[in-house]
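So the structure is just underneath, and the comments pick up after that.
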Amino acid sequence: MRDDQHRFLMLLGQPPARLTAEQAAWVLNCQAYDVAILVMARLLKPLGSPAANSVKFFATADILELSKDRTWLAKLTNTIGQHWREKNCRKKEHLILNA
């Protein structure tokens with residue numbers, strides 16, 4: 001978000017209505033690439049019907065509501081952890097097979 005956009009929204013006293021994946025990740029305290037994992041796991045739903053290679057936006061109100069849900073945050077944490085465990089396991093298997 002540009003500085004002038006940020007100042008304008010601060011004058012209104014509210015956050016933007018839509019967040020990019022990077023901004024949603026900031027709110028959820030995770031990495032921007034983790035948002036794609038959460039979308040694939042259907043823990044987050046982008047607005048509209050974006051194409052696979054397009055920029056995805058998320059409703060700020062939804063992200064803020066989810067960020068207060070302890071159960072959902074546990075699912076988020078477990079999903080991201082499981083994704084990286086499986087990916088690292090596949091990588092190790094690939095290295096062993098090619099050694």
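FYI, nothing fancy with the structure tokens labels: chains A, B, ... in order, residues from 1 per chain, ligands from 1 as they appear.
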
Shell of 12 Å around Asn78 in chain A, only C-alpha atoms, local chain residues under 5 positions omitted, as an mmCIF file with N, CA and C atoms, in the first residue's frame:
data_model
loop_
_atom_site.group_PDB
_atom_site.id
_atom_site.type_symbol
_atom_site.label_atom_id
_atom_site.label_comp_id
_atom_site.auth_asym_id
_atom_site.auth_seq_id
_atom_site.Cartn_x
_atom_site.Cartn_y
_atom_site.Cartn_z
ATOM 1 N N ASP A 34 2.455 -18.728 2.631
ATOM 2 C CA ASP A 34 1.588 -19.613 3.414
ATOM 3 C C ASP A 34 0.113 -19.384 3.090
ATOM 4 N N ILE A 37 -1.178 -21.879 0.702
ATOM 5 C CA ILE A 37 -1.399 -23.165 1.377
ATOM 6 C C ILE A 37 -2.765 -23.156 2.065
ATOM 7 N N LEU A 38 -3.090 -22.057 2.709
ATOM 8 C CA LEU A 38 -4.373 -21.941 3.416
ATOM 9 C C LEU A 38 -5.548 -21.919 2.444
ATOM 10 N N ALA A 41 -6.063 -25.479 1.289
ATOM 11 C CA ALA A 41 -6.671 -26.264 2.369
ATOM 12 C C ALA A 41 -8.087 -25.791 2.695
ATOM 13 N N LEU A 43 -9.003 -23.092 4.141
ATOM 14 C CA LEU A 43 -9.123 -22.354 5.400
ATOM 15 C C LEU A 43 -9.319 -20.868 5.137
ATOM 16 N N THR A 71 -9.548 -21.710 17.678
ATOM 17 C CA THR A 71 -9.637 -23.016 17.023
ATOM 18 C C THR A 71 -9.156 -22.914 15.577
ATOM 19 N N TRP A 72 -9.592 -21.882 14.880
ATOM 20 C CA TRP A 72 -9.177 -21.695 13.492
ATOM 21 C C TRP A 72 -7.678 -21.434 13.413
ATOM 22 N N LEU A 73 -7.144 -20.655 14.346
ATOM 23 C CA LEU A 73 -5.702 -20.385 14.358
ATOM 24 C C LEU A 73 -4.902 -21.670 14.575
ATOM 25 N N HIS A 83 2.043 -29.109 5.888
ATOM 26 C CA HIS A 83 2.463 -28.877 4.505
ATOM 27 C C HIS A 83 3.979 -28.923 4.380
ATOM 28 N N TRP A 84 4.676 -28.213 5.260
ATOM 29 C CA TRP A 84 6.133 -28.154 5.156
ATOM 30 C C TRP A 84 6.783 -29.462 5.573
ATOM 31 N N ARG A 85 6.201 -30.186 6.527
ATOM 32 C CA ARG A 85 6.732 -31.513 6.882
ATOM 33 C C ARG A 85 6.662 -32.446 5.679
#

Requested in this report: Determine, counting only C-alpha atoms, which protein, DNA and RNA residues have an atom within 12 Å of an atom of Leu64 in chain A; residues of the same chain fewer than 2 positions away are not included. Present the result as an NGL selection string.
Outcome: :A and (15-19 or 23-29 or 44 or 58-62 or 66-69 or 72-73)

TODO: Could you find all residues in range 14-49 of chain A that DSSP calls helix (DSSP H, G or I) from the backbone, and write them as a list in words?
DONE: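 The helix (DSSP H, G or I) subset of range 14-49 of chain A is Ala21, Glu22, Gln23, Ala24, Ala25, Trp26, Val27, Leu28, Ala32, Tyr33, Asp34, Val35, Ala36, Ile37, Leu38, Val39 and Met40 of chain A.
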
Using C-alpha atoms, can you export the residues from the last selection as a CSV table (one decimal), in the first residue's frame?
chain,number,residue,atom,x,y,z
A,21,ALA,CA,-2.3,-12.1,0.2
A,22,GLU,CA,0.7,-10.3,1.7
A,23,GLN,CA,-1.4,-8.0,3.8
A,24,ALA,CA,-3.6,-11.0,5.0
A,25,ALA,CA,-0.4,-12.8,6.0
A,26,TRP,CA,0.7,-9.8,8.0
A,27,VAL,CA,-2.6,-9.8,9.9
A,28,LEU,CA,-2.3,-13.6,10.5
A,32,ALA,CA,2.8,-14.5,2.2
A,33,TYR,CA,3.5,-17.9,0.6
A,34,ASP,CA,1.6,-19.6,3.4
A,35,VAL,CA,-1.6,-17.9,2.3
A,36,ALA,CA,-1.7,-20.1,-0.9
A,37,ILE,CA,-1.4,-23.2,1.4
A,38,LEU,CA,-4.4,-21.9,3.4
A,39,VAL,CA,-6.4,-21.3,0.3
A,40,MET,CA,-5.6,-24.8,-1.0

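The strand (DSSP E or B) portion of chain A consists of A:Arg18, A:Leu19, A:Thr20, A:Phe57, A:Phe58, A:Ala59, with states taken from DSSP on the backbone.
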